[in-house]
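Participant: Before we start, here is the structure in question, set down as structure tokens.
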Amino acid sequence: MEAAAIPAPAAQDDHHHGPPVANQSSRVNSEVLGILLFIISEIMLFGAFFAAYFFIRVVNADGWPPGAGLPVAVAATNAAILLSSSVTMHWTDVSAKRGNQAGMRIGIVTTFLLGCTFLFIQINEYLHLGFTPKTSASASVFFGLTGLHGAHVIIGLLLLWMSAVRIFKGKVGPANYKGLEVPGIYWHFVDAMWIVVFTTIYVL
Amino acid sequence: MASKIRQAGWYRALAFTILGIAVCIGLSTGLRAAFGLNPVYDGTAVLQISLLMVPIFFLGGIGCFDYWLRWASGRKVVDDHADHGAKSWKDYFKVNTDHKVIGIQYICVSFFFMFVGGLMAMLVRAELAAPGRQFVDPNTYNGLFSVHATLLIFLFVIPVFAGIANYVLPLMIGAPDMAFPRLNALSFWMLPLAGVMMLLSFLAPGGSFAAGWTAYAPLSVDAPIGQAFFTIAVQFAGASSIATALNFLVTIITMRAPGMTFFRMPLLVWANFSTSLLVVIATPFIAASQFMVLLDRALGFNFFNPAGGGDVLMYQHVFWFYSHPAVYIMMLPGFGIISEVLATRARKPVFGYRMMAFSLLAIVLLGFTVWAHHMFVSGMPNWVRIPMMATTAIIAIPTGIKIFSWVATLWRGVLKMDTPMLWATGFIAMFTLGGISGVMLAMVPLDIHVSDTYFIVAHIHYVLFGGSLFTIFAGIYFWFPKMTGRMFNEKLGKIHFWLTFVFFNLTFAPMHLIGVQGMPRRVSDYAEQFATWNMIISISSFILGLSSLLFLYNMVASWRSGPKASSNPWNSLTIEWQVSSPPPIFNFDTIPSVVGGPYEYGVPGAVHAIVGDPAKDLVPAGAGATEGHS
């Protein structure tokens, strides 16, 4: 006989007050997998802007760099700042896993402040470049890519802010650090993406 | 009143929307003053900022962010499942985290937009019934076909598949819900916002967006403000589908029932797995293309401005790198539906189950290598055409595997030609025709000849109407008893099918002929020589349009007062049919155990999954203790 032979549970079961616990069919944690898939999506978003970069700089041969030249030293310093924030982020993660409350607090605040410093320097750079997106297509690509990255820094900072609030309310610890781990993974992505943006925009 | 505004819901959404508009006016004037721009108040600037930000205020008001904001601010959050499940029809108008409610919400909203978009097609056909001008001026005509295509693609075909899968997929894999129920709710609520925004564009000065659903730059950069409605609405529709796809992937990977290996998953699950991969990887490209258009429009960027060194062709590359995979996003879930319906109604296992799964993945991979076949006449380097022609023709192989496997599934089956089966078999015939004209179009010489003619219109409607829409109807009829707990009217369903099938062909088949003869698409007027065919097409299309009212009546009347459906009216093996119709609020009391393949029809005693309390129902007492977390 086919499946029809198996009795279906009678109508709605009203005394049941919650879903059954789902079977965990993968070793990967669902929140971590979710943020990783989101990051794939984000990489493709950057990929589209890199396609614009490729078409305008290589295919169309619009002059590069836009303007009189890009402040490579400033951007390199900024890259160092953002990279060191990845180190402090990792330290925050490790502290959370070990239950080190003081380490977590110092780590998240440092990371957050380093991110803000990056943004501050970036905006300051914008104001002193001497060209605007209206100047040329290369300038548009410059602002498009660095601006897209800047927007991601802002999103990352918002996520870090949420983690910080929860850390200072004592909600994060060895048993409960998903709310820190997931923003942490995103922050590492934002940092890694800057290396790619920095290399293609300023170095190459 | 004050308490109503504090509570998540429509009152608060209205209040937040008004607040959002005020904030946008303040932001716009503030920024313009800070940058020293004159005049400080600029209606266009306010409108564009509002289109971006007011929907977010609305989502906050309706209650999409409440839980997350409580959690992020470190307050106590309780999972009391208060917003899970619908007790009355009013609950369908609230933020709900139940995948079954969200599935119904998706389906109803997308069918609403199908009827609106279909009505626009009727207006287009009315205008084209005879040469010369009948009802609308050319600009309105351009707006009508642009909004028609955009609504049916972004607000109907893509989301209705997400809706069907939302309802069925967690049940099929034995999960109590989706992996991220609140993200699921947010994905749904972004959708009607995008649709309403597209419709509102008709009120914009200069008319609705009229650059086609492809919105090629620089036309879309220079077009009147109505175009911004497209640019921004697509962002919300895109964000919605990315979030849903991510949710499906995580659900499928991490929440399958014990025993449900990848090769025991029903093909609908495989199809949505493949589709979700496409969405997560490809959709950011259309987001980027529209961001660039918006930056060019609003802030004077030069991405597509040749005078400033911009690259116009780049738009088409970025756009089609999404929009070609998008045609598979609009087709693969339908493939899954057809596999379910055919196996169940032919009482046979799906022929070549593994090849069916692998061909889906092959289409995903190949789908990313063919985008420039939409650009053979765009002026891109000629050599690019040849590899694109080859890869496009290669896609016919995995698609052919699917067609032949379906036919082989039918071979010597015990066919029950009821409504879902009629749609499924009708799909195979129509989609094959659409696929054949697709391979023709892949050939560069033929494509150059018929580019921008009605041949293209015929092809796209054979794959999206004869293909996707037929699978949607098959799926809706097939799962209607599960979703509503009632049976639809079989006789009306069959009449609906035959009317649609006949008049679909009378509408779109002649378009191949007049296309080859050179009738251009996207033009509101045409030469005398096409008059006869166009009159026939228009009359057929009106009957085709009317036939959808039969469907609407059947659905509404059957939902209200159709005969009660049993839990498994089709004698199907997959898990969603082993629970009551409609399913219990949390799907299962205990997670089912999967013990075999999903399509073992005709095998005596075959069981796909054991659903219910195994200790009580099937297994001797005491043996049920190990069930669950393996």
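FYI, nothing fancy with the structure tokens labels: chains A, B, ... in order, residues from 1 per chain, ligands from 1 as they appear.
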Return as CSV the residues of chain B lying at most 6 Å from chain A, together with the closest atom-to-atom pair for each and the distance in Å to one decimal, counting only C-alpha atoms, with rows in chain order and ascending residue number.

Facilitator:
residue,atom,partner,partner_atom,distance
B:Ala72,CA,A:Met162,CA,5.0
B:Gly74,CA,A:Arg166,CA,4.8
B:Ala175,CA,A:Ala22,CA,5.8
B:Thr254,CA,A:Ser25,CA,4.8
B:Met255,CA,A:Gln24,CA,5.4
B:Arg256,CA,A:Ser25,CA,5.5
B:Ala257,CA,A:Asn23,CA,5.5
B:Val280,CA,A:Ser41,CA,5.3
B:Ile281,CA,A:Ser41,CA,5.5
B:Pro284,CA,A:Leu45,CA,4.7
B:Phe285,CA,A:Ala48,CA,5.5
B:Gly300,CA,A:Lys134,CA,5.5
B:Phe301,CA,A:Pro133,CA,5.1
B:Asn302,CA,A:Ala137,CA,4.6
B:Phe303,CA,A:Ala137,CA,5.5
B:Gly308,CA,A:Ser136,CA,4.8
B:Gly309,CA,A:Ala137,CA,5.0
B:Gly310,CA,A:Ala137,CA,4.9
B:Asn571,CA,A:Ala4,CA,5.8
B:Leu573,CA,A:Ala3,CA,5.3
B:Gln578,CA,A:Ala8,CA,5.3
B:Val579,CA,A:Ala8,CA,5.0
B:Ser580,CA,A:Ala11,CA,5.8
B:Pro584,CA,A:Gln12,CA,4.9
B:Phe586,CA,A:Pro19,CA,4.9
B:Thr590,CA,A:Pro20,CA,5.6
B:Pro604,CA,A:Met1,CA,5.5
B:Gly605,CA,A:Met1,CA,4.4
B:Ala606,CA,A:Glu2,CA,5.8
B:Val607,CA,A:Ala3,CA,5.8
B:His629,CA,A:Asn23,CA,5.8

Participant: Can you pull out every residue from chain A that DSSP, working from the backbone, puts in alpha helix (DSSP H), and format the result as JSON, numbers by chain?

Facilitator: {"A": [30, 31, 32, 33, 34, 35, 36, 37, 38, 39, 40, 41, 42, 43, 44, 45, 46, 47, 48, 49, 50, 51, 52, 53, 54, 72, 73, 74, 75, 76, 77, 78, 79, 80, 81, 82, 83, 84, 85, 86, 87, 88, 89, 90, 91, 92, 93, 94, 95, 96, 97, 98, 101, 102, 103, 104, 105, 106, 107, 108, 109, 110, 111, 112, 113, 114, 115, 116, 117, 118, 119, 120, 121, 122, 123, 124, 125, 126, 127, 128, 137, 138, 139, 140, 141, 142, 143, 144, 145, 146, 147, 148, 149, 150, 151, 152, 153, 154, 155, 156, 157, 158, 159, 160, 161, 162, 163, 164, 165, 166, 167, 168, 178, 179, 180, 181, 182, 183, 184, 185, 186, 187, 188, 189, 190, 191, 192, 193, 194, 195, 196, 197, 198]}

Participant: Excluding A:His152 and residues on its chain fewer than 4 positions from it, collect all residues at most 7 Å away from it, counting only C-alpha atoms, and give them as a PyMOL selection string.

Facilitator: chain A and resi 148+156+190

Participant: Using only C-alpha atoms, which protein or nucleic acid residues come within 6 Å of stretch 93-101 of chain A? Drop anything in the same chain fewer than 3 positions from it, and give the result as a PyMOL selection string.

Facilitator: chain A and resi 90+104+173-174

Participant: May I have the residues from that selection written out with C-alpha atoms, as a CSV table (one decimal), in the first residue's frame?

Facilitator:
chain,number,residue,atom,x,y,z
A,90,HIS,CA,38.7,38.7,16.7
A,104,MET,CA,34.8,41.8,25.3
A,173,GLY,CA,28.9,35.1,27.0
A,174,PRO,CA,30.4,31.7,26.2

Participant: Near B:Asp177, counting only C-alpha atoms, which residues have an atom at most 7 Å away, once you skip same-chain residues fewer than 5 positions from it, shown as a ChimeraX atom specification?

Facilitator: /B:98-99,170

Participant: Can you write just those residues out, N, CA and C atoms, as an mmCIF file, in the first residue's frame?

Facilitator:
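Once written, again02.cif looks like this:
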data_model
loop_
_atom_site.group_PDB
_atom_site.id
_atom_site.type_symbol
_atom_site.label_atom_id
_atom_site.label_comp_id
_atom_site.auth_asym_id
_atom_site.auth_seq_id
_atom_site.Cartn_x
_atom_site.Cartn_y
_atom_site.Cartn_z
ATOM 1 N N ASP B 98 4.443 32.647 10.383
ATOM 2 C CA ASP B 98 4.157 31.277 9.968
ATOM 3 C C ASP B 98 4.384 31.141 8.457
ATOM 4 N N HIS B 99 5.205 30.178 8.054
ATOM 5 C CA HIS B 99 5.507 30.057 6.626
ATOM 6 C C HIS B 99 4.258 29.773 5.814
ATOM 7 N N PRO B 170 8.890 23.838 3.552
ATOM 8 C CA PRO B 170 9.194 23.358 4.911
ATOM 9 C C PRO B 170 8.447 22.075 5.260
#

Participant: With a distance cut-off of 12 Å and only C-alpha atoms, select the neighbouring residues of B:Asp137, excluding the residue or stretch itself and same-chain residues fewer than 6 positions from it, and output the selection as an NGL selection string.

Facilitator: :B and (123-124 or 127-128 or 143-144 or 207 or 523-525)

Participant: Okay, now the selection with C-alpha atoms, as a PDB file, in the first residue's frame?

Facilitator:
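And here's result.pdb as it stands now:
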ATOM      1  CA  LEU B 123      -5.134  47.698 -22.878  1.00  0.00           C
ATOM      2  CA  VAL B 124      -2.028  47.058 -24.985  1.00  0.00           C
ATOM      3  CA  GLU B 127      -4.486  49.658 -28.754  1.00  0.00           C
ATOM      4  CA  LEU B 128      -2.935  47.161 -31.189  1.00  0.00           C
ATOM      5  CA  GLY B 143       4.265  52.957 -20.057  1.00  0.00           C
ATOM      6  CA  LEU B 144       1.596  50.249 -20.255  1.00  0.00           C
ATOM      7  CA  GLY B 207       3.769  59.444 -16.872  1.00  0.00           C
ATOM      8  CA  VAL B 523       5.635  50.337 -30.955  1.00  0.00           C
ATOM      9  CA  SER B 524       2.004  51.407 -30.644  1.00  0.00           C
ATOM     10  CA  ASP B 525       1.397  51.556 -34.404  1.00  0.00           C
TER      11      ASP B 525
END

Participant: Skip B:Ile428 itself and residues of its chain fewer than 3 positions away, then list as a ChimeraX atom specification all residues within 10 Å of it, counting only C-alpha atoms.

Facilitator: /B:335,338,402-404,406-407,423-425,431-434,466-467,470-471

Participant: Would you compute the distance between atom CA of B:Ser339 and atom CA of B:Gly163? Give it in Å to one decimal.

Facilitator: 17.9 Å

Participant: Can you tell me how far atom CA of B:Gly20 sits from atom CA of B:Ala185, in Å to one decimal?

Facilitator: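 Atom CA of B:Ala185 lies at a distance of 21.1 Å from atom CA of B:Gly20.
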
Participant: Can you tell me how far atom CA of B:Gly118 sits from atom CA of B:His496, in Å to one decimal?

Facilitator: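 Between atom CA of B:Gly118 and atom CA of B:His496 the gap is 16.0 Å.
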